[in-house]
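Enquirer: Data file my_file-v2.txt (compact mmCIF, C-alpha atoms and all ligand atoms) is appended below.
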# COMPACT_ATOMS: atom_id res chain seq x y z
CA MET A 974 112.30 -97.53 48.41
CA LYS A 975 112.44 -94.78 50.91
CA ASN A 976 115.63 -93.42 52.26
CA THR A 977 115.30 -93.62 56.00
CA ILE A 978 117.58 -94.63 58.81
CA PHE A 979 116.21 -97.76 60.40
CA ARG A 980 116.90 -97.36 64.04
CA ILE A 981 115.63 -100.77 65.03
CA ARG A 982 117.84 -102.51 62.54
CA ALA A 983 120.79 -100.34 63.49
CA VAL A 984 120.25 -101.14 67.16
CA ALA A 985 119.88 -104.83 66.42
CA VAL A 986 123.14 -104.85 64.46
CA LEU A 987 125.02 -102.98 67.18
CA VAL A 988 123.62 -105.31 69.79
CA ALA A 989 124.55 -108.37 67.79
CA VAL A 990 128.06 -107.04 67.32
CA ALA A 991 128.41 -106.19 71.00
CA GLY A 992 127.08 -109.61 71.96
CA VAL A 993 124.44 -108.36 74.39
CA THR A 994 120.79 -109.36 74.35
CA LEU A 995 118.35 -107.20 72.45
CA SER A 996 115.92 -107.02 75.35
CA ASN A 997 118.42 -105.00 77.34
CA VAL A 998 118.25 -102.11 74.91
CA THR A 999 114.86 -102.45 73.22
CA PRO A 1000 113.05 -99.13 73.63
CA ALA A 1001 109.79 -98.93 75.56
CA SER A 1002 106.60 -99.69 73.64
CA ALA A 1003 106.11 -97.51 70.57
CA ALA A 1004 109.24 -95.53 71.32
CA VAL A 1005 110.17 -96.14 67.70
CA PRO A 1006 107.81 -94.37 65.31
CA LEU A 1007 105.98 -96.35 62.64
CA LYS A 1008 107.99 -94.80 59.84
CA ASN A 1009 111.19 -96.21 61.32
CA ILE A 1010 110.15 -99.84 61.59
CA THR A 1011 109.76 -100.48 57.86
CA HIS A 1012 111.28 -99.90 54.44
CA ARG A 1013 107.83 -98.89 53.13
CA TYR A 1014 106.62 -95.32 53.12
CA VAL A 1015 104.18 -94.97 55.99
CA GLY A 1016 101.67 -92.26 55.34
CA SER A 1017 98.50 -90.56 56.36
CA ALA A 1018 95.93 -88.40 54.68
CA VAL A 1019 96.22 -84.91 56.11
CA ALA A 1020 94.06 -81.81 56.14
CA ALA A 1021 95.78 -78.44 55.80
CA ASN A 1022 93.53 -76.75 58.36
CA HIS A 1023 94.30 -79.29 61.11
CA LEU A 1024 97.97 -79.07 60.24
CA ALA A 1025 97.85 -75.31 60.70
CA ASN A 1026 95.66 -75.21 63.80
CA GLU A 1027 96.42 -78.27 65.91
CA ALA A 1028 99.93 -78.56 67.31
CA ASP A 1029 99.33 -82.04 68.76
CA TYR A 1030 98.00 -83.30 65.39
CA ARG A 1031 101.03 -81.88 63.62
CA SER A 1032 103.41 -83.35 66.13
CA VAL A 1033 102.07 -86.94 65.92
CA LEU A 1034 101.95 -86.73 62.12
CA THR A 1035 105.52 -85.47 61.95
CA ARG A 1036 106.76 -88.10 64.37
CA GLU A 1037 105.04 -91.21 63.02
CA PHE A 1038 104.74 -90.83 59.23
CA ASP A 1039 106.98 -90.13 56.27
CA ASN A 1040 104.36 -89.73 53.55
CA VAL A 1041 101.43 -87.34 53.42
CA THR A 1042 98.42 -87.42 51.09
CA PRO A 1043 96.29 -84.27 50.94
CA GLU A 1044 92.83 -85.49 51.91
CA ASN A 1045 90.93 -82.96 49.79
CA GLU A 1046 93.29 -80.10 48.95
CA MET A 1047 94.40 -81.32 45.50
CA LYS A 1048 91.00 -82.37 44.19
CA TRP A 1049 89.76 -80.60 41.08
CA GLY A 1050 86.69 -79.19 42.85
CA VAL A 1051 88.98 -77.55 45.41
CA VAL A 1052 91.77 -76.23 43.19
CA GLU A 1053 89.60 -74.97 40.34
CA ALA A 1054 86.03 -74.61 41.61
CA THR A 1055 85.57 -71.81 39.09
CA ARG A 1056 87.14 -72.29 35.69
CA SER A 1057 90.62 -70.73 35.46
CA HIS A 1058 90.45 -69.44 39.05
CA TYR A 1059 92.85 -71.50 41.10
CA ASP A 1060 93.15 -71.97 44.83
CA TRP A 1061 96.35 -73.75 45.72
CA SER A 1062 96.47 -72.60 49.34
CA GLY A 1063 95.79 -75.95 51.02
CA ALA A 1064 97.86 -77.99 48.57
CA ASP A 1065 100.80 -75.56 48.81
CA ALA A 1066 100.68 -75.69 52.61
CA ILE A 1067 100.87 -79.48 52.66
CA VAL A 1068 103.61 -79.71 50.03
CA ASP A 1069 105.56 -77.07 51.94
CA TYR A 1070 105.11 -78.94 55.24
CA ALA A 1071 106.35 -82.12 53.53
CA ARG A 1072 109.41 -80.34 52.20
CA ARG A 1073 110.25 -78.86 55.59
CA THR A 1074 109.84 -82.18 57.39
CA GLY A 1075 111.41 -84.39 54.72
CA LYS A 1076 108.25 -86.33 53.88
CA SER A 1077 107.14 -87.68 50.56
CA VAL A 1078 103.80 -86.68 49.05
CA ARG A 1079 101.15 -88.76 47.31
CA GLY A 1080 99.15 -86.45 45.05
CA HIS A 1081 95.42 -87.15 45.22
CA THR A 1082 93.74 -87.13 42.76
CA LEU A 1083 93.55 -85.98 39.13
CA VAL A 1084 90.75 -87.80 37.29
CA TRP A 1085 87.86 -88.67 39.60
CA HIS A 1086 84.09 -88.51 39.16
CA SER A 1087 83.60 -87.07 42.65
CA GLN A 1088 84.41 -83.59 43.97
CA LEU A 1089 84.39 -82.34 40.40
CA PRO A 1090 83.64 -78.68 39.79
CA GLY A 1091 80.19 -78.22 38.25
CA TRP A 1092 81.58 -76.53 35.14
CA VAL A 1093 83.43 -79.72 34.16
CA ASN A 1094 80.16 -81.65 33.91
CA ASP A 1095 78.78 -79.13 31.45
CA LEU A 1096 81.56 -79.39 28.85
CA GLU A 1097 81.03 -81.16 25.54
CA ALA A 1098 83.43 -83.99 24.67
CA GLY A 1099 86.15 -82.02 22.88
CA GLU A 1100 86.27 -79.35 25.55
CA LEU A 1101 86.24 -81.92 28.31
CA ARG A 1102 89.23 -83.71 26.81
CA SER A 1103 91.26 -80.48 26.66
CA ALA A 1104 90.13 -79.52 30.15
CA VAL A 1105 91.33 -82.83 31.62
CA LYS A 1106 94.65 -82.50 29.80
CA GLN A 1107 95.05 -78.94 31.00
CA HIS A 1108 94.08 -79.85 34.57
CA ILE A 1109 96.72 -82.58 34.69
CA ALA A 1110 99.38 -80.35 33.15
CA THR A 1111 98.60 -77.42 35.44
CA GLU A 1112 98.40 -79.28 38.73
CA MET A 1113 101.23 -81.73 38.13
CA GLY A 1114 103.30 -78.93 36.62
CA ARG A 1115 102.88 -76.77 39.71
CA TYR A 1116 104.32 -79.49 41.95
CA LYS A 1117 106.73 -80.98 39.44
CA GLY A 1118 109.51 -82.89 41.19
CA LYS A 1119 107.82 -82.57 44.59
CA ILE A 1120 105.28 -85.39 44.41
CA ARG A 1121 106.56 -88.96 44.65
CA ALA A 1122 103.37 -90.61 43.40
CA TRP A 1123 100.12 -89.40 41.89
CA ASP A 1124 96.69 -91.03 41.95
CA VAL A 1125 96.03 -90.25 38.30
CA VAL A 1126 92.76 -92.12 37.86
CA ASN A 1127 90.60 -92.78 40.90
CA GLU A 1128 87.63 -95.13 41.43
CA MET A 1129 86.82 -95.81 37.78
CA PHE A 1130 85.12 -99.17 38.37
CA ASN A 1131 81.79 -100.29 39.78
CA ASP A 1132 81.81 -103.17 42.27
CA ASP A 1133 80.70 -105.62 39.54
CA GLY A 1134 83.77 -104.78 37.48
CA THR A 1135 82.02 -102.67 34.86
CA ARG A 1136 83.32 -99.20 34.23
CA ARG A 1137 81.70 -96.46 36.27
CA SER A 1138 79.58 -94.28 34.05
CA SER A 1139 81.39 -91.06 34.97
CA VAL A 1140 81.36 -87.95 32.84
CA PHE A 1141 84.78 -89.05 31.52
CA GLN A 1142 83.56 -92.50 30.54
CA GLN A 1143 80.36 -91.17 28.99
CA LYS A 1144 81.88 -88.40 26.93
CA LEU A 1145 85.43 -89.58 26.22
CA GLY A 1146 84.99 -93.35 26.15
CA ASP A 1147 87.45 -96.02 27.31
CA ARG A 1148 90.51 -94.16 26.06
CA TYR A 1149 90.32 -91.47 28.74
CA VAL A 1150 92.35 -93.66 31.09
CA ALA A 1151 95.35 -94.15 28.78
CA ASP A 1152 95.20 -90.49 27.77
CA ALA A 1153 95.30 -89.38 31.40
CA PHE A 1154 98.39 -91.49 32.13
CA ARG A 1155 100.20 -90.21 29.02
CA TRP A 1156 99.43 -86.59 29.88
CA ALA A 1157 100.53 -87.23 33.46
CA ARG A 1158 103.88 -88.70 32.40
CA ALA A 1159 104.50 -85.69 30.20
CA ALA A 1160 103.61 -83.27 33.00
CA ASP A 1161 106.01 -84.73 35.59
CA PRO A 1162 108.23 -87.57 34.39
CA SER A 1163 109.64 -88.08 37.90
CA ALA A 1164 106.30 -88.97 39.53
CA LYS A 1165 105.07 -92.54 39.89
CA LEU A 1166 101.66 -92.80 38.25
CA TYR A 1167 98.93 -94.83 39.94
CA ILE A 1168 95.44 -96.05 39.37
CA ASN A 1169 93.59 -96.20 42.71
CA ASP A 1170 90.36 -97.82 43.87
CA TYR A 1171 88.41 -99.28 46.82
CA ASN A 1172 86.93 -102.76 47.31
CA THR A 1173 89.79 -104.07 45.19
CA GLU A 1174 91.87 -105.38 48.12
CA GLY A 1175 90.61 -108.94 47.84
CA LEU A 1176 90.11 -111.28 44.89
CA ASN A 1177 86.75 -110.33 43.40
CA ALA A 1178 85.00 -109.10 40.26
CA LYS A 1179 86.19 -105.54 40.75
CA SER A 1180 89.85 -106.42 41.33
CA ASP A 1181 89.69 -108.82 38.35
CA ALA A 1182 88.53 -105.96 36.12
CA LEU A 1183 91.24 -103.67 37.48
CA TYR A 1184 93.82 -106.41 36.93
CA ASP A 1185 92.74 -106.88 33.31
CA LEU A 1186 92.90 -103.18 32.67
CA VAL A 1187 96.37 -102.75 34.19
CA ARG A 1188 97.62 -105.76 32.23
CA LYS A 1189 96.31 -104.25 28.99
CA LEU A 1190 97.66 -100.79 29.74
CA LYS A 1191 101.12 -102.24 30.42
CA LYS A 1192 100.97 -104.24 27.20
CA GLN A 1193 100.05 -101.12 25.26
CA GLY A 1194 102.97 -99.21 26.74
CA VAL A 1195 100.78 -96.82 28.69
CA PRO A 1196 102.92 -95.24 31.44
CA ILE A 1197 101.39 -96.69 34.58
CA ASP A 1198 103.69 -97.40 37.54
CA GLY A 1199 101.47 -98.50 40.35
CA VAL A 1200 98.14 -99.66 41.69
CA GLY A 1201 96.69 -98.17 44.86
CA PHE A 1202 94.41 -100.20 47.10
CA GLN A 1203 92.45 -97.84 49.30
CA ALA A 1204 91.55 -100.42 51.98
CA HIS A 1205 88.55 -98.75 53.58
CA LEU A 1206 87.55 -101.76 55.65
CA ALA A 1207 84.78 -102.32 58.20
CA THR A 1208 84.94 -104.89 60.99
CA GLN A 1209 81.38 -106.10 60.28
CA TYR A 1210 82.16 -107.08 56.67
CA GLY A 1211 85.12 -109.37 57.23
CA PHE A 1212 88.66 -109.10 55.98
CA PRO A 1213 89.02 -109.11 52.15
CA ALA A 1214 89.56 -112.67 50.93
CA GLY A 1215 92.79 -113.31 49.05
CA TYR A 1216 94.30 -109.92 49.96
CA GLN A 1217 97.98 -110.89 49.84
CA ALA A 1218 97.59 -113.03 46.71
CA ASN A 1219 95.80 -110.14 45.08
CA LEU A 1220 98.61 -107.67 45.83
CA ALA A 1221 101.08 -110.24 44.55
CA ARG A 1222 99.28 -110.80 41.23
CA PHE A 1223 99.32 -107.06 40.51
CA ALA A 1224 102.99 -106.79 41.46
CA ALA A 1225 103.70 -109.63 39.03
CA LEU A 1226 102.40 -107.39 36.23
CA GLY A 1227 105.45 -105.21 36.83
CA VAL A 1228 103.85 -102.38 38.80
CA ASP A 1229 104.30 -101.15 42.35
CA VAL A 1230 101.41 -101.62 44.72
CA ALA A 1231 100.45 -99.42 47.65
CA ILE A 1232 97.91 -99.30 50.44
CA THR A 1233 96.68 -95.75 49.99
CA GLU A 1234 93.73 -94.99 52.30
CA ALA A 1235 93.58 -97.66 54.99
CA ASP A 1236 91.07 -97.41 57.80
CA VAL A 1237 88.92 -99.95 59.59
CA ARG A 1238 85.61 -98.61 60.79
CA ILE A 1239 83.60 -100.01 63.66
CA LEU A 1240 79.88 -100.06 64.41
CA MET A 1241 79.65 -97.62 67.29
CA PRO A 1242 80.08 -97.77 70.18
CA ALA A 1243 83.51 -99.29 69.98
CA ASP A 1244 84.48 -101.80 72.67
CA ALA A 1245 87.52 -103.90 73.44
CA ALA A 1246 86.38 -106.82 71.29
CA LYS A 1247 85.72 -104.63 68.24
CA LEU A 1248 89.03 -102.80 68.72
CA ALA A 1249 90.76 -106.18 68.81
CA VAL A 1250 89.17 -107.17 65.49
CA GLN A 1251 90.19 -103.80 64.09
CA ALA A 1252 93.75 -104.35 65.29
CA ASN A 1253 93.76 -107.72 63.60
CA TYR A 1254 92.61 -106.20 60.28
CA PHE A 1255 95.22 -103.44 60.38
CA LYS A 1256 97.89 -106.03 61.16
CA GLN A 1257 96.82 -108.20 58.22
CA LEU A 1258 96.88 -105.16 55.92
CA TRP A 1259 100.34 -104.26 57.17
CA ASP A 1260 101.74 -107.78 56.97
CA GLY A 1261 100.31 -108.46 53.51
CA CYS A 1262 101.97 -105.32 52.19
CA HIS A 1263 105.26 -106.34 53.77
CA ALA A 1264 105.02 -109.82 52.27
CA VAL A 1265 105.01 -108.37 48.75
CA ALA A 1266 108.32 -106.84 47.72
CA ARG A 1267 106.71 -104.30 45.41
CA CYS A 1268 104.32 -103.01 48.04
CA VAL A 1269 106.05 -99.69 48.59
CA GLU A 1270 103.67 -97.72 50.79
CA PHE A 1271 101.24 -98.11 53.66
CA THR A 1272 99.08 -95.01 54.01
CA THR A 1273 96.08 -94.57 56.31
CA TRP A 1274 93.14 -92.24 55.63
CA GLY A 1275 93.81 -89.94 58.54
CA PHE A 1276 95.49 -91.12 61.73
CA THR A 1277 93.20 -89.90 64.49
CA ASP A 1278 89.56 -90.60 65.30
CA ARG A 1279 89.34 -86.87 66.01
CA HIS A 1280 89.18 -86.30 62.25
CA SER A 1281 87.85 -88.98 59.96
CA TRP A 1282 85.54 -89.05 56.98
CA VAL A 1283 83.76 -92.12 58.39
CA PRO A 1284 81.07 -90.66 60.72
CA ASP A 1285 80.10 -88.10 58.06
CA THR A 1286 79.40 -90.88 55.57
CA PHE A 1287 78.34 -93.70 57.88
CA PRO A 1288 76.68 -92.02 60.89
CA SER A 1289 76.56 -95.18 63.04
CA GLU A 1290 80.20 -96.07 62.38
CA GLY A 1291 83.53 -94.60 63.41
CA ALA A 1292 86.73 -95.08 65.41
CA ALA A 1293 88.47 -96.15 62.19
CA CYS A 1294 92.01 -94.86 62.79
CA LEU A 1295 95.22 -95.91 64.56
CA PHE A 1296 95.04 -93.14 67.20
CA ASP A 1297 92.04 -92.12 69.32
CA THR A 1298 90.57 -88.63 69.54
CA ASN A 1299 93.20 -87.69 72.16
CA LEU A 1300 95.99 -89.01 69.92
CA ARG A 1301 96.65 -92.01 72.12
CA ALA A 1302 97.79 -95.11 70.24
CA LYS A 1303 94.97 -97.65 69.92
CA PRO A 1304 95.34 -101.45 69.99
CA ALA A 1305 95.65 -101.40 66.19
CA TYR A 1306 98.74 -99.20 66.43
CA THR A 1307 100.39 -101.34 69.09
CA ARG A 1308 99.59 -104.47 67.13
CA ILE A 1309 101.59 -103.12 64.17
CA ASN A 1310 104.27 -101.47 66.28
CA PRO A 1311 104.45 -103.40 69.57
O1 LIG B 1 88.07 -88.01 53.27
C1 LIG B 1 87.50 -87.30 52.19
C2 LIG B 1 86.34 -86.46 52.69
O2 LIG B 1 86.78 -85.44 53.55
C3 LIG B 1 85.58 -85.88 51.51
O3 LIG B 1 84.42 -85.21 51.96
C4 LIG B 1 85.22 -86.99 50.54
C5 LIG B 1 84.49 -86.44 49.34
O4 LIG B 1 84.10 -87.42 48.48
O5 LIG B 1 86.39 -87.65 50.11
C6 LIG B 1 87.03 -88.30 51.15
O6 LIG B 1 88.15 -89.02 50.69
C7 LIG B 1 87.88 -90.06 49.77
C8 LIG B 1 89.05 -90.14 48.84
O7 LIG B 1 89.31 -88.90 48.25
C9 LIG B 1 88.85 -91.20 47.77
N1 LIG B 1 88.52 -92.47 48.35
C10 LIG B 1 87.47 -92.49 49.37
C11 LIG B 1 87.75 -91.44 50.44
C12 LIG B 1 86.72 -91.49 51.54
O8 LIG B 1 85.47 -91.15 51.04
Output the file's structure in the form of structure tokens.
Expert:
Amino acid sequence: MKNTIFRIRAVAVLVAVAGVTLSNVTPASAAVPLKNITHRYVGSAVAANHLANEADYRSVLTREFDNVTPENEMKWGVVEATRSHYDWSGADAIVDYARRTGKSVRGHTLVWHSQLPGWVNDLEAGELRSAVKQHIATEMGRYKGKIRAWDVVNEMFNDDGTRRSSVFQQKLGDRYVADAFRWARAADPSAKLYINDYNTEGLNAKSDALYDLVRKLKKQGVPIDGVGFQAHLATQYGFPAGYQANLARFAALGVDVAITEADVRILMPADAAKLAVQANYFKQLWDGCHAVARCVEFTTWGFTDRHSWVPDTFPSEGAACLFDTNLRAKPAYTRINP
């Protein structure tokens, strides 16, 4: 668990001891940042360029969150677009920011079919296997001791629970997953190693497949420490059924669980009713994580509607974050942190 001073609790204890009523000293709405109202890490995806260029973005991030996840800066296609030519500039900047501000880092992500450099796709099986091993060793080695948790394998399942036919699956077969975790443990024994996916928040075919895999990996002694649930939700699709029970069944396998990329997109234009549904979804995500002792982290995929992947991917959707484009707290934020 994170090592933070919990002002609310401290205040409550002082108040109780002094025998005065809490309402006399409770700070004004949202005076206490999100990171200080919980024992979980509270994170956001961040982009190095916004961090460098937008003082207001940096200030809200620094105030509210105590975990950062590089949104793109650690992906293979970014760090090694050309074989053996590395660009660590964005990743270094974020890790350095985290060190200066005392935040933890979730590394994202090592083995993923997307944002892969073209040269990786062209390798034959033997070369691919060494390249994956080398990629894990190089990237994790560079940040050894500085990354709390790594998304080692990302999005390896299809929605029906079959394995995605990625270049890794096609050329290396099922064993690529266990191999990746073993190489990751060797590269940085202090990092918590996660498998991460989307549409696995509720009880469904995909989360069943993920559950079976994690159970088997644990049984085989593969070093896996956690399961990340991305939680990219949309108000028009309903809240994932069985969310809390699902987190709990994974935790019962003896792994940590984490919400790693939460956002709740809305069919534009947003209005008060849709923002209220969004607030309700964020609150359920938050509460479900807090109801499961091994849910150690609540991270959102960006924190401001000013910068979000959603409109680029779903042009008629947006407004998916806790803060609006002007960095004002939205109903979803106040619902979690009244
Ligand atoms: O937010 C990321 C966006 O800027 C990139 O263009 C995109 C490329 O695929 O990846 C986005 O982040 C994804 C994350 O790495 C994995 N889970 C889904 C996220 C949203 O697409």
Enquirer: How would you write, as a PyMOL selection string, the set of residues no farther than 10 Å from ligand LIG 1 (chain B) when counting all atoms listed in the file?
Expert: chain A and resi 1018-1020+1042-1048+1050+1081-1082+1085-1089+1124+1127-1128+1169-1171+1202-1205+1233-1236+1274-1275+1280-1283+1285-1286
Enquirer: Please dump the current selection as a CSV table (one decimal), in the coordinates of the input; keep C-alpha atoms.
Expert:
chain,number,residue,atom,x,y,z
A,1018,ALA,CA,95.9,-88.4,54.7
A,1019,VAL,CA,96.2,-84.9,56.1
A,1020,ALA,CA,94.1,-81.8,56.1
A,1042,THR,CA,98.4,-87.4,51.1
A,1043,PRO,CA,96.3,-84.3,50.9
A,1044,GLU,CA,92.8,-85.5,51.9
A,1045,ASN,CA,90.9,-83.0,49.8
A,1046,GLU,CA,93.3,-80.1,49.0
A,1047,MET,CA,94.4,-81.3,45.5
A,1048,LYS,CA,91.0,-82.4,44.2
A,1050,GLY,CA,86.7,-79.2,42.8
A,1081,HIS,CA,95.4,-87.2,45.2
A,1082,THR,CA,93.7,-87.1,42.8
A,1085,TRP,CA,87.9,-88.7,39.6
A,1086,HIS,CA,84.1,-88.5,39.2
A,1087,SER,CA,83.6,-87.1,42.6
A,1088,GLN,CA,84.4,-83.6,44.0
A,1089,LEU,CA,84.4,-82.3,40.4
A,1124,ASP,CA,96.7,-91.0,42.0
A,1127,ASN,CA,90.6,-92.8,40.9
A,1128,GLU,CA,87.6,-95.1,41.4
A,1169,ASN,CA,93.6,-96.2,42.7
A,1170,ASP,CA,90.4,-97.8,43.9
A,1171,TYR,CA,88.4,-99.3,46.8
A,1202,PHE,CA,94.4,-100.2,47.1
A,1203,GLN,CA,92.4,-97.8,49.3
A,1204,ALA,CA,91.6,-100.4,52.0
A,1205,HIS,CA,88.6,-98.8,53.6
A,1233,THR,CA,96.7,-95.8,50.0
A,1234,GLU,CA,93.7,-95.0,52.3
A,1235,ALA,CA,93.6,-97.7,55.0
A,1236,ASP,CA,91.1,-97.4,57.8
A,1274,TRP,CA,93.1,-92.2,55.6
A,1275,GLY,CA,93.8,-89.9,58.5
A,1280,HIS,CA,89.2,-86.3,62.2
A,1281,SER,CA,87.8,-89.0,60.0
A,1282,TRP,CA,85.5,-89.0,57.0
A,1283,VAL,CA,83.8,-92.1,58.4
A,1285,ASP,CA,80.1,-88.1,58.1
A,1286,THR,CA,79.4,-90.9,55.6
Enquirer: By how many Å are atom CA of Ser1062 of chain A and atom CA of Ala1021 of chain A apart?
Expert: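 Atom-to-atom, atom CA of Ser1062 of chain A and atom CA of Ala1021 of chain A are spaced 8.7 Å apart.
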Enquirer: For the atom pair atom CA of Thr1173 of chain A and atom CA of Ala1231 of chain A, what is the interatomic distance in Å to one decimal place?
Expert: 11.9 Å
Enquirer: Fewer than 2 positions away in the same chain doesn't count, so skip those; otherwise give me all residues within 7 Å of Val1140 of chain A, counting only C-alpha atoms, as a list in words.
Expert: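 Contacts, with the query itself left out: His1086, Asn1094, Ser1138, Gln1142, Gln1143 and Lys1144 of chain A.
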Enquirer: Give me, please, the distance in Å between atom CA of Lys1192 of chain A and atom CA of Leu1220 of chain A, quoted to one decimal.
Expert: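 Interatomic distance, atom CA of Lys1192 of chain A to atom CA of Leu1220 of chain A: 19.1 Å.
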Enquirer: Which one of A:Thr1111, A:Ser1180, A:Asn1299, A:Thr1208 sits closest to Tyr1254 of chain A if you count only C-alpha atoms?
Expert: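 The shortest atom-to-atom distance to Tyr1254 of chain A comes from A:Thr1208.
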Enquirer: So, counting all atoms listed in the file, which residue among A:Leu1024, A:Leu1190, A:Ala1104, A:Cys1268 is closest to Arg1148 of chain A?
Expert: A:Leu1190
Enquirer: Nearest to Ala1071 of chain A: which of A:Phe1212, A:Phe1287, A:Phe1154, A:Phe1038 is it, counting all atoms listed in the file?
Expert: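 That would be A:Phe1038, the residue with the smallest distance to Ala1071 of chain A.
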Enquirer: I'd like to know which of A:Val1269, A:Gln1217, A:Pro1304, A:Ala1225 is closest to Gln1257 of chain A, using all atoms listed in the file.
Expert: A:Gln1217
Enquirer: Just the residues within 8 Å of Val1228 of chain A, please, counting all atoms listed in the file, with nothing from its chain fewer than 3 positions along; format it as a PyMOL selection string.
Expert: chain A and resi 1197-1200+1223-1225+1267
